[in-house]
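Student: If you scroll down you'll find the structure; I have some questions about it.
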Amino acid sequence: MQKVLKTRANGVAREDIVAAATKLFADRGFSGVTLREIAAKAKVHVPAIYHHFDDKRALYVTCAINAFSTPSLRLAQILNDEMGDEEHLFVFMTGMCRLNFTEPVLVKLVQRQVLDDDRMLLDLLNSYAIGSYIEPLVKILSRVTTGRDVRQIAFSMLALSYGAAQLKGFRSATGWSTTAFSSPEELARFVLGVILPEIDWTPFAAAPRRKAGRPKGKAADGSAGIPAEPPARSRAAARRAAL
């Protein structure tokens, strides 16, 4: 007996299709997934996919851009906050490392792009997502270092943080040090220490973090009011905790 699918609003159905397709594409790649499988996971009929997308390729591009856009905008916002250049770099790097630790679907999509070498999609991702934080990052790097290729430094930051996070499974097998993989902050300190060793990153990694769960505009005792402005280090730690 054929399963009867519930009718949903177009917007809801589209969201369900994108969510289901993103997970399947991340697990198996573009060529390893059929529209029938996507429809089954999203609990829609195949024609519903064609109602929202021209073809599987259009759906794949939408999934990739959606997955990259929100994290990219968060990283770009970090670089626009009021902080010193070194603090900007550390908080940004912590956010990047946290993504690599906690967003497996995004990480798998990155791996798919590397394997597929899909130039058109990579160009689109740069235009709609990644490019939002690359230029601000390059500008900051140009102020903290001289005589070096800052774009190469920016690329190395992203590559080393991604690679170190993904290869953390080799720790026990090789006996390599595990300290740098214990938290996003520690990995950020490690990566920046390798790439920009002239700067002491330890104070940033050691900065205390604000306790989670306290509403903005509330004092420590729960009363209403605007708390005193915290020190710069504490503000940075709060931003890292919120990433």
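Chain labels follow the order of the structure tokens: the first chain is A, the next B, and so on; residue numbering restarts at 1 in every chain, and ligands are counted from 1 in their shown order.
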Leaving out A:Tyr128 and any residue of its chain fewer than 6 positions from it, which residues lie within 10 Å of it when counting only C-alpha atoms, given as a list in words?
Tutor: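 Returned residues: Ile65, Asn66, Phe68, Ser69, Ser72, Leu73 and Leu122 of chain A.
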Student: So that I have them on file, write out the residues from the current selection with C-alpha atoms, as a PDB file, in the first residue's frame.
Tutor:
ATOM      1  CA  ILE A  65      25.060  27.885  -0.585  1.00  0.00           C
ATOM      2  CA  ASN A  66      22.588  27.596   2.296  1.00  0.00           C
ATOM      3  CA  PHE A  68      27.901  27.848   3.874  1.00  0.00           C
ATOM      4  CA  SER A  69      26.084  31.194   4.090  1.00  0.00           C
ATOM      5  CA  SER A  72      30.289  32.607   6.766  1.00  0.00           C
ATOM      6  CA  LEU A  73      28.203  35.579   7.838  1.00  0.00           C
ATOM      7  CA  LEU A 122      33.289  26.959  -5.684  1.00  0.00           C
TER       8      LEU A 122
END
Student: Please provide as a list in words all residues within 8 Å of stretch 157-165 of chain A, with the sequence filter that same-chain residues fewer than 6 positions apart are discarded (counting only C-alpha atoms).
Tutor: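 Listing them by chain and then by number gives Met93, Met96, Cys97, Asn100, Phe101, Phe181, Leu187, Ala188, Val191, Leu192 and Ile195 of chain A.
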Student: Let's have the selection written as a PDB file, in the first residue's frame, with C-alpha atoms.
Tutor:
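Once written, result29.pdb looks like this:
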ATOM      1  CA  MET A  93      40.086  31.448  14.357  1.00  0.00           C
ATOM      2  CA  MET A  96      36.459  28.573  12.464  1.00  0.00           C
ATOM      3  CA  CYS A  97      37.793  25.768  14.673  1.00  0.00           C
ATOM      4  CA  ASN A 100      35.204  22.228  12.170  1.00  0.00           C
ATOM      5  CA  PHE A 101      34.521  20.521  15.499  1.00  0.00           C
ATOM      6  CA  PHE A 181      42.691  19.461  19.976  1.00  0.00           C
ATOM      7  CA  LEU A 187      43.279  24.639  18.442  1.00  0.00           C
ATOM      8  CA  ALA A 188      43.020  28.311  17.479  1.00  0.00           C
ATOM      9  CA  VAL A 191      47.141  27.228  14.479  1.00  0.00           C
ATOM     10  CA  LEU A 192      47.921  30.901  15.013  1.00  0.00           C
ATOM     11  CA  ILE A 195      51.381  30.635  11.298  1.00  0.00           C
TER      12      ILE A 195
END
Student: Please measure the separation of atom CA of A:Phe25 and atom CA of A:Leu125, giving the value in Å to one decimal.
Tutor: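 Here the two named atoms are 15.8 Å from each other.
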Student: Do you have the atom CA of A:Gly84-atom CA of A:Ser127 distance handy?
Tutor: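 The value is 27.1 Å.
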Student: Taking 5 positions as the minimum chain separation for residues in the same chain, which residues sit within 10 Å of A:Arg57 when counting only C-alpha atoms? Answer as number ranges by chain.
Tutor: A: 30-31, 62-63
Student: Using only C-alpha atoms, can you tell me which of A:Pro184, A:Gly95, A:Gly29, A:Pro136 comes closest to A:Val110?
Tutor: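 Ranked by minimum distance to A:Val110, first place goes to A:Gly29.
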Student: For A:Arg28, which of A:Val144, A:Ala205, A:Ile130, A:Leu109 is the closest residue, counting only C-alpha atoms?
Tutor: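 The shortest atom-to-atom distance to A:Arg28 comes from A:Leu109.
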Student: Which neighbours of A:Ala42 fall inside 9 Å, counting only C-alpha atoms, when residues of the same chain fewer than 4 positions from it are skipped, and could you give them as an MDAnalysis selection string?
Tutor: chainID A and resid 13 16:21 37:38
Student: Write out as a list in words the residues lying within 7 Å of A:Phe92, counting only C-alpha atoms and excluding same-chain residues fewer than 2 positions away.
Tutor: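 The filter keeps Leu75, Ile78, Leu79, His88, Leu89, Phe90, Thr94, Gly95 and Met96 of chain A.
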Student: Using the selection just defined, write its residues with C-alpha atoms as a compact mmCIF listing (two decimals), in the first residue's frame.
Tutor:
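File out_13.txt, as written:
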# COMPACT_ATOMS: atom_id res chain seq x y z
CA LEU A 75 32.63 34.72 10.81
CA ILE A 78 33.39 38.71 14.11
CA LEU A 79 35.79 40.68 11.93
CA HIS A 88 39.99 39.72 15.95
CA LEU A 89 42.24 37.01 14.59
CA PHE A 90 41.96 34.84 17.67
CA THR A 94 38.21 30.07 17.37
CA GLY A 95 34.95 30.37 15.44
CA MET A 96 36.46 28.57 12.46
Student: Under the rule that only C-alpha atoms are counted, which of A:Thr102, A:Thr34, A:Thr22, A:Asn126 is the nearest residue to A:Gln166?
Tutor: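 Of the candidates, the smallest distance to A:Gln166 is held by A:Thr102.
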Student: Which residues in stretch 27-235 of chain A does DSSP call alpha helix (DSSP H)? List them as number ranges by chain.
Tutor: A: 27-28, 35-42, 46-52, 56-80, 85-102, 104-116, 119-125, 131-144, 150-166, 171-174, 184-195, 202-206, 232-235
Student: Tell me, in Å to one decimal, how far atom CA of A:Arg151 is from atom CA of A:Val138.
Tutor: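 Between atom CA of A:Arg151 and atom CA of A:Val138 the gap works out to 6.1 Å.
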Student: Env of A:Arg36: 9 Å cut, atoms = only C-alpha atoms, seq-sep filter 5 positions within chain, self excluded. Answer as a ChimeraX atom specification.
Tutor: /A:41,45-46
Student: Quick one: write out the picked residues with N, CA and C atoms as a tab-separated table (two decimals), in the first residue's frame?
Tutor:
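selection-v9.tsv, written as the output of this step:
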chain	number	residue	atom	x	y	z
A	41	LYS	N	13.24	10.88	1.87
A	41	LYS	CA	13.73	11.41	3.14
A	41	LYS	C	12.96	12.66	3.56
A	45	HIS	N	6.61	13.85	-2.68
A	45	HIS	CA	6.70	13.16	-3.95
A	45	HIS	C	7.76	13.84	-4.82
A	46	VAL	N	8.33	13.11	-5.75
A	46	VAL	CA	9.38	13.67	-6.61
A	46	VAL	C	8.91	14.93	-7.35
Student: Nearest residue to A:Asp54 out of A:Leu35, A:Ala67, A:Ala26, A:Ala206, using only C-alpha atoms?
Tutor: A:Leu35
